[in-house]
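Visitor: File name target-v4.cif; file contents mmCIF, N, CA and C atoms; full text below.
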```cif
data_work
loop_
_atom_site.label_atom_id
_atom_site.label_comp_id
_atom_site.auth_asym_id
_atom_site.auth_seq_id
_atom_site.Cartn_x
_atom_site.Cartn_y
_atom_site.Cartn_z
N MET X 1 49.80 153.18 105.43
CA MET X 1 49.52 151.74 105.38
C MET X 1 48.44 151.43 104.36
N ILE X 2 47.47 152.30 104.19
CA ILE X 2 46.39 152.06 103.23
C ILE X 2 46.95 152.04 101.81
N LEU X 3 47.90 152.95 101.53
CA LEU X 3 48.51 152.96 100.20
C LEU X 3 49.22 151.65 99.90
N GLU X 4 49.83 151.06 100.88
CA GLU X 4 50.50 149.78 100.67
C GLU X 4 49.50 148.71 100.24
N TYR X 5 48.36 148.69 100.89
CA TYR X 5 47.34 147.71 100.52
C TYR X 5 46.76 147.99 99.13
N ILE X 6 46.54 149.25 98.84
CA ILE X 6 46.02 149.60 97.51
C ILE X 6 47.01 149.19 96.43
N ASN X 7 48.29 149.46 96.64
CA ASN X 7 49.31 149.06 95.67
C ASN X 7 49.39 147.55 95.55
N ALA X 8 49.30 146.85 96.67
CA ALA X 8 49.36 145.38 96.63
C ALA X 8 48.18 144.81 95.88
N TYR X 9 46.98 145.29 96.16
CA TYR X 9 45.80 144.79 95.45
C TYR X 9 45.85 145.13 93.97
N SER X 10 46.34 146.32 93.66
CA SER X 10 46.44 146.72 92.26
C SER X 10 47.42 145.84 91.51
N ALA X 11 48.58 145.60 92.09
CA ALA X 11 49.57 144.73 91.44
C ALA X 11 49.03 143.31 91.30
N GLY X 12 48.30 142.84 92.30
CA GLY X 12 47.70 141.51 92.22
C GLY X 12 46.65 141.41 91.13
N VAL X 13 45.80 142.41 91.03
CA VAL X 13 44.77 142.41 89.99
C VAL X 13 45.41 142.47 88.60
N ILE X 14 46.43 143.32 88.45
CA ILE X 14 47.12 143.41 87.16
C ILE X 14 47.77 142.08 86.81
N ALA X 15 48.42 141.44 87.79
CA ALA X 15 49.06 140.16 87.54
C ALA X 15 48.04 139.08 87.18
N LEU X 16 46.90 139.07 87.88
CA LEU X 16 45.85 138.09 87.55
C LEU X 16 45.25 138.35 86.17
N TRP X 17 45.04 139.62 85.84
CA TRP X 17 44.52 139.96 84.51
C TRP X 17 45.48 139.52 83.41
N ALA X 18 46.77 139.79 83.60
CA ALA X 18 47.76 139.41 82.59
C ALA X 18 47.85 137.89 82.46
N THR X 19 47.75 137.17 83.58
CA THR X 19 47.76 135.71 83.53
C THR X 19 46.54 135.20 82.77
N TRP X 20 45.38 135.79 83.01
CA TRP X 20 44.18 135.41 82.27
C TRP X 20 44.36 135.66 80.77
N CYS X 21 44.98 136.78 80.42
CA CYS X 21 45.22 137.10 79.01
C CYS X 21 46.13 136.07 78.36
N ILE X 22 47.08 135.55 79.10
CA ILE X 22 47.99 134.54 78.56
C ILE X 22 47.26 133.22 78.36
N LEU X 23 46.47 132.82 79.33
CA LEU X 23 45.85 131.49 79.31
C LEU X 23 44.54 131.42 78.55
N SER X 24 43.89 132.54 78.34
CA SER X 24 42.57 132.54 77.70
C SER X 24 42.68 132.42 76.19
N GLY X 25 41.81 131.62 75.63
CA GLY X 25 41.74 131.51 74.18
C GLY X 25 40.99 132.66 73.55
N LYS X 26 40.28 133.44 74.36
CA LYS X 26 39.52 134.58 73.85
C LYS X 26 40.42 135.76 73.49
N VAL X 27 41.59 135.83 74.11
CA VAL X 27 42.52 136.93 73.84
C VAL X 27 43.44 136.48 72.71
N ARG X 28 43.27 137.11 71.56
CA ARG X 28 44.04 136.72 70.37
C ARG X 28 44.98 137.86 70.01
N ASP X 29 46.04 137.99 70.77
CA ASP X 29 46.99 139.07 70.56
C ASP X 29 48.29 138.60 69.94
N GLY X 30 48.37 137.35 69.56
CA GLY X 30 49.58 136.86 68.92
C GLY X 30 50.70 136.61 69.92
N VAL X 31 51.83 136.23 69.38
CA VAL X 31 52.97 135.88 70.21
C VAL X 31 53.52 137.09 70.96
N LEU X 32 53.63 138.22 70.26
CA LEU X 32 54.16 139.42 70.91
C LEU X 32 53.26 139.87 72.07
N GLY X 33 51.96 139.83 71.87
CA GLY X 33 51.03 140.19 72.92
C GLY X 33 51.14 139.26 74.12
N LYS X 34 51.26 137.95 73.86
CA LYS X 34 51.39 136.98 74.95
C LYS X 34 52.69 137.19 75.73
N ILE X 35 53.76 137.55 75.02
CA ILE X 35 55.03 137.82 75.71
C ILE X 35 54.91 139.06 76.59
N ILE X 36 54.27 140.09 76.07
CA ILE X 36 54.07 141.31 76.87
C ILE X 36 53.22 141.00 78.10
N TYR X 37 52.16 140.21 77.93
CA TYR X 37 51.33 139.84 79.08
C TYR X 37 52.11 138.99 80.08
N ALA X 38 53.00 138.14 79.60
CA ALA X 38 53.82 137.32 80.51
C ALA X 38 54.75 138.20 81.34
N VAL X 39 55.35 139.21 80.72
CA VAL X 39 56.23 140.13 81.46
C VAL X 39 55.42 140.90 82.50
N ILE X 40 54.21 141.34 82.12
CA ILE X 40 53.35 142.04 83.06
C ILE X 40 53.01 141.15 84.24
N ALA X 41 52.62 139.91 83.97
CA ALA X 41 52.25 138.99 85.05
C ALA X 41 53.43 138.69 85.96
N LEU X 42 54.59 138.40 85.38
CA LEU X 42 55.75 138.08 86.21
C LEU X 42 56.19 139.27 87.06
N SER X 43 56.18 140.46 86.49
CA SER X 43 56.59 141.62 87.29
C SER X 43 55.55 141.95 88.36
N GLY X 44 54.28 141.73 88.08
CA GLY X 44 53.25 141.93 89.10
C GLY X 44 53.42 140.96 90.26
N TYR X 45 53.69 139.69 89.94
CA TYR X 45 53.91 138.71 91.00
C TYR X 45 55.20 139.00 91.77
N ALA X 46 56.22 139.53 91.08
CA ALA X 46 57.47 139.87 91.76
C ALA X 46 57.26 141.02 92.74
N ILE X 47 56.43 141.97 92.37
CA ILE X 47 56.12 143.07 93.29
C ILE X 47 55.41 142.54 94.53
N LEU X 48 54.50 141.60 94.35
CA LEU X 48 53.79 141.04 95.50
C LEU X 48 54.69 140.20 96.40
N ALA X 49 55.71 139.57 95.83
CA ALA X 49 56.54 138.64 96.60
C ALA X 49 57.72 139.29 97.30
N ARG X 50 58.05 140.53 96.98
CA ARG X 50 59.24 141.12 97.58
C ARG X 50 59.00 141.53 99.03
N SER X 51 60.08 141.68 99.77
CA SER X 51 59.94 141.90 101.20
C SER X 51 60.46 143.25 101.70
N GLU X 52 61.26 143.96 100.91
CA GLU X 52 61.79 145.22 101.42
C GLU X 52 60.78 146.33 101.25
N GLN X 53 60.78 147.31 102.08
CA GLN X 53 59.91 148.49 102.05
C GLN X 53 58.76 148.37 101.04
N ILE X 54 57.70 147.87 101.49
CA ILE X 54 56.60 147.48 100.60
C ILE X 54 56.14 148.64 99.75
N PHE X 55 56.34 148.53 98.46
CA PHE X 55 55.73 149.33 97.41
C PHE X 55 56.06 150.82 97.39
N PHE X 56 57.03 151.27 98.16
CA PHE X 56 57.35 152.69 98.10
C PHE X 56 58.68 152.97 97.42
N SER X 57 59.55 151.99 97.30
CA SER X 57 60.82 152.24 96.63
C SER X 57 60.73 151.76 95.17
N HIS X 58 61.51 152.41 94.32
CA HIS X 58 61.54 152.00 92.92
C HIS X 58 62.43 150.78 92.80
N THR X 59 61.90 149.75 92.19
CA THR X 59 62.67 148.52 92.03
C THR X 59 62.61 148.09 90.57
N VAL X 60 63.38 147.07 90.26
CA VAL X 60 63.38 146.52 88.91
C VAL X 60 62.00 145.95 88.58
N ALA X 61 61.36 145.29 89.53
CA ALA X 61 60.04 144.71 89.27
C ALA X 61 59.00 145.79 88.99
N GLY X 62 59.03 146.86 89.74
CA GLY X 62 58.09 147.95 89.51
C GLY X 62 58.31 148.63 88.18
N THR X 63 59.57 148.88 87.86
CA THR X 63 59.89 149.51 86.58
C THR X 63 59.50 148.60 85.42
N THR X 64 59.75 147.31 85.56
CA THR X 64 59.35 146.35 84.52
C THR X 64 57.85 146.34 84.34
N LEU X 65 57.11 146.40 85.43
CA LEU X 65 55.66 146.42 85.34
C LEU X 65 55.19 147.67 84.60
N TYR X 66 55.73 148.81 84.94
CA TYR X 66 55.30 150.05 84.29
C TYR X 66 55.67 150.06 82.81
N VAL X 67 56.87 149.62 82.48
CA VAL X 67 57.29 149.60 81.08
C VAL X 67 56.47 148.61 80.27
N SER X 68 56.21 147.44 80.82
CA SER X 68 55.43 146.45 80.08
C SER X 68 53.98 146.89 79.92
N LEU X 69 53.42 147.56 80.90
CA LEU X 69 52.07 148.12 80.74
C LEU X 69 52.06 149.22 79.69
N ALA X 70 53.12 150.02 79.66
CA ALA X 70 53.21 151.05 78.62
C ALA X 70 53.33 150.43 77.24
N LEU X 71 54.10 149.35 77.10
CA LEU X 71 54.21 148.66 75.82
C LEU X 71 52.88 148.04 75.40
N ALA X 72 52.16 147.46 76.35
CA ALA X 72 50.86 146.90 76.03
C ALA X 72 49.89 147.99 75.57
N GLY X 73 49.94 149.14 76.21
CA GLY X 73 49.10 150.26 75.80
C GLY X 73 49.47 150.79 74.44
N ALA X 74 50.78 150.91 74.16
CA ALA X 74 51.23 151.39 72.85
C ALA X 74 50.84 150.40 71.76
N ARG X 75 50.97 149.12 72.04
CA ARG X 75 50.57 148.10 71.07
C ARG X 75 49.07 148.15 70.81
N HIS X 76 48.29 148.31 71.86
CA HIS X 76 46.85 148.41 71.71
C HIS X 76 46.47 149.64 70.87
N TRP X 77 47.11 150.77 71.14
CA TRP X 77 46.85 151.98 70.38
C TRP X 77 47.17 151.78 68.91
N PHE X 78 48.32 151.14 68.61
CA PHE X 78 48.69 150.89 67.22
C PHE X 78 47.68 149.96 66.54
N MET X 79 47.28 148.91 67.24
CA MET X 79 46.34 147.94 66.65
C MET X 79 44.99 148.59 66.37
N VAL X 80 44.53 149.47 67.21
CA VAL X 80 43.24 150.13 67.01
C VAL X 80 43.33 151.22 65.94
N THR X 81 44.42 151.96 65.95
CA THR X 81 44.52 153.14 65.09
C THR X 81 45.06 152.83 63.70
N TYR X 82 46.15 152.11 63.62
CA TYR X 82 46.85 151.97 62.35
C TYR X 82 46.87 150.58 61.74
N TRP X 83 46.48 149.54 62.46
CA TRP X 83 46.61 148.19 61.95
C TRP X 83 45.79 147.92 60.69
N PRO X 84 44.53 148.38 60.55
CA PRO X 84 43.81 148.08 59.29
C PRO X 84 44.53 148.64 58.06
N GLN X 85 45.04 149.84 58.13
CA GLN X 85 45.76 150.40 57.00
C GLN X 85 47.09 149.67 56.77
N THR X 86 47.78 149.32 57.84
CA THR X 86 49.04 148.59 57.72
C THR X 86 48.80 147.21 57.12
N LYS X 87 47.76 146.54 57.55
CA LYS X 87 47.45 145.21 57.03
C LYS X 87 47.08 145.30 55.54
N ALA X 88 46.31 146.32 55.19
CA ALA X 88 45.96 146.50 53.78
C ALA X 88 47.21 146.76 52.94
N TRP X 89 48.12 147.59 53.45
CA TRP X 89 49.35 147.86 52.72
C TRP X 89 50.19 146.59 52.57
N LEU X 90 50.30 145.79 53.66
CA LEU X 90 51.04 144.54 53.60
C LEU X 90 50.44 143.58 52.57
N CYS X 91 49.11 143.48 52.57
CA CYS X 91 48.45 142.57 51.62
C CYS X 91 48.68 143.02 50.18
N ARG X 92 48.64 144.32 49.93
CA ARG X 92 48.90 144.82 48.58
C ARG X 92 50.35 144.57 48.18
N THR X 93 51.26 144.84 49.11
CA THR X 93 52.68 144.70 48.82
C THR X 93 53.07 143.24 48.60
N LEU X 94 52.54 142.36 49.41
CA LEU X 94 52.89 140.94 49.33
C LEU X 94 51.99 140.16 48.37
N ASN X 95 50.98 140.83 47.78
CA ASN X 95 50.02 140.18 46.89
C ASN X 95 49.39 138.96 47.55
N CYS X 96 48.93 139.13 48.74
CA CYS X 96 48.33 138.05 49.51
C CYS X 96 46.98 137.68 48.89
N GLU X 97 46.86 136.46 48.43
CA GLU X 97 45.64 136.02 47.75
C GLU X 97 44.43 136.03 48.69
N HIS X 98 44.65 135.65 49.94
CA HIS X 98 43.54 135.63 50.89
C HIS X 98 42.97 137.03 51.09
N CYS X 99 43.84 138.01 51.21
CA CYS X 99 43.38 139.39 51.45
C CYS X 99 42.76 140.00 50.20
N LEU X 100 43.29 139.69 49.03
CA LEU X 100 42.77 140.29 47.81
C LEU X 100 41.38 139.77 47.48
N ARG X 101 41.05 138.56 47.91
CA ARG X 101 39.72 138.01 47.66
C ARG X 101 38.67 138.55 48.62
N CYS X 102 39.09 139.11 49.72
CA CYS X 102 38.16 139.61 50.73
C CYS X 102 37.51 140.90 50.23
N ASP X 103 36.19 140.92 50.15
CA ASP X 103 35.47 142.11 49.69
C ASP X 103 35.31 143.14 50.80
N LYS X 104 35.29 142.70 52.04
CA LYS X 104 35.06 143.61 53.17
C LYS X 104 36.36 143.80 53.94
N ALA X 105 36.87 144.97 53.89
CA ALA X 105 38.06 145.30 54.67
C ALA X 105 37.62 146.03 55.93
N PRO X 106 38.27 145.75 57.06
CA PRO X 106 37.87 146.43 58.29
C PRO X 106 38.10 147.93 58.21
N GLY X 107 37.15 148.68 58.67
CA GLY X 107 37.28 150.13 58.69
C GLY X 107 37.13 150.80 57.35
N GLY X 108 36.56 150.09 56.38
CA GLY X 108 36.34 150.68 55.06
C GLY X 108 37.62 150.88 54.26
N VAL X 109 38.64 150.11 54.55
CA VAL X 109 39.91 150.23 53.84
C VAL X 109 39.82 149.39 52.57
N ASP X 110 40.11 150.01 51.42
CA ASP X 110 40.11 149.29 50.15
C ASP X 110 41.49 148.70 49.94
N ARG X 111 41.58 147.39 49.92
CA ARG X 111 42.87 146.72 49.83
C ARG X 111 43.40 146.68 48.41
N ARG X 112 42.57 146.85 47.42
CA ARG X 112 43.01 146.71 46.04
C ARG X 112 43.56 147.99 45.46
N SER X 113 43.29 149.11 46.06
CA SER X 113 43.78 150.39 45.52
C SER X 113 45.21 150.64 45.98
N LYS X 114 45.92 151.40 45.19
CA LYS X 114 47.31 151.72 45.56
C LYS X 114 47.45 153.14 45.89
#
```
Go ahead and render the structure in this file as structure tokens.

Guide:
Amino acid sequence: MILEYINAYSAGVIALWATWCILSGKVRDGVLGKIIYAVIALSGYAILARSEQIFFSHTVAGTTLYVSLALAGARHWFMVTYWPQTKAWLCRTLNCEHCLRCDKAPGGVDRRSK
């Protein structure tokens, strides 16, 4: 019975966190990030609202929650690890005037070199 409560509180906290990420102006993750947070929130609320064997059987809502959390983690890893280099490459390739004028690139990436 304790595991059921722990799972319920965890799903509730995850759903509330994802809802905050969607509604907050402080979280600037773009459209893809907001969609991922929406899927996380909806699947968390679906887990809380279901009535059959609480939290021990694998369901579509549980699987969706795990997959969307994995996608959010993979996106976060990409943004932290590879995004500065990818953005610099995009700016060089597209000849983005805004990026070429910027003297300070994040992470010490030189945008003007090829």

Visitor: Can you work out the spacing between atom N of X:Ile40 and atom N of X:Trp77 in Å, to one decimal?

Guide: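 We find that atom N of X:Ile40 and atom N of X:Trp77 lie 16.1 Å from each other.
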
Visitor: Nearest to X:Gly33: which of X:Ala15, X:Ile6, X:Ala46, X:Ala72 is it, counting all atoms listed in the file?

Guide: X:Ala72

Visitor: Would you mind telling me which residue in X:Ser24, X:Ser68, X:Gln85, X:Asn95 lies nearest to X:Ile36 when using only N, CA and C atoms?

Guide: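 Nearest candidate to X:Ile36 out of X:Ser24, X:Ser68, X:Gln85, X:Asn95: X:Ser68.
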
Visitor: Within 6.5 Å of X:Ala41, counting all atoms listed in the file, which residues show up once you throw out same-chain ones fewer than 3 positions away? Write them as a list in words, please.

Guide: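 The filter keeps Ile14, Ala15, Leu16, Ala18, Thr19, Ile36, Tyr37, Ala38, Gly44, Tyr45 and Ala46 of chain X.
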
Visitor: How far is it from atom CA of X:Cys21 to atom CA of X:Gly73, in Å with one decimal?

Guide: 14.1 Å

Visitor: Which residues, protein or nucleic acid, reach to within 10 Å of (47.1, 140.1, 67.5) in the file's coordinates when using only C-alpha atoms, and can you give that as a list in words?

Guide: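 Checking each residue against the 10 Å limit leaves Val27, Arg28, Asp29, Gly30, Val31, Leu32, Gly33, Lys34, Arg75, His76, Met79 and Trp83 of chain X.
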
Visitor: Using all atoms listed in the file, which of X:Phe78, X:Leu94, X:Ile35, X:Ala49 sits nearest X:Ile22?

Guide: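 Closest to X:Ile22, using all atoms listed in the file: X:Ile35.
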
Visitor: Hey, can you check how far atom CA of X:Ala70 sits from atom C of X:Arg50?

Guide: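 These atoms are spaced 23.3 Å apart.
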
Visitor: Around all the atoms of stretch 24-27 of chain X listed in the file, with 3 Å of room on each side, what axis-aligned box do you get, giving centre and edge lengths in Å to one decimal, as AutoDock Vina command-line options?

Guide:
```
--center_x 41.7 --center_y 134.2 --center_z 75.5 --size_x 10.4 --size_y 11.4 --size_z 11.6
```

Visitor: Between X:Ala11, X:Lys87, X:Arg92, X:Ala74, which is the closest to X:Ile47 once you count all atoms listed in the file?

Guide: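 Residue with the minimum atom-to-atom distance to X:Ile47: X:Ala11.
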
Visitor: Using all atoms listed in the file, pick whichever of X:Tyr82, X:Asn7, X:Ser43, X:Lys26 has the shortest atom-to-atom distance to X:Thr63.

Guide: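 Nearest to X:Thr63: X:Ser43.
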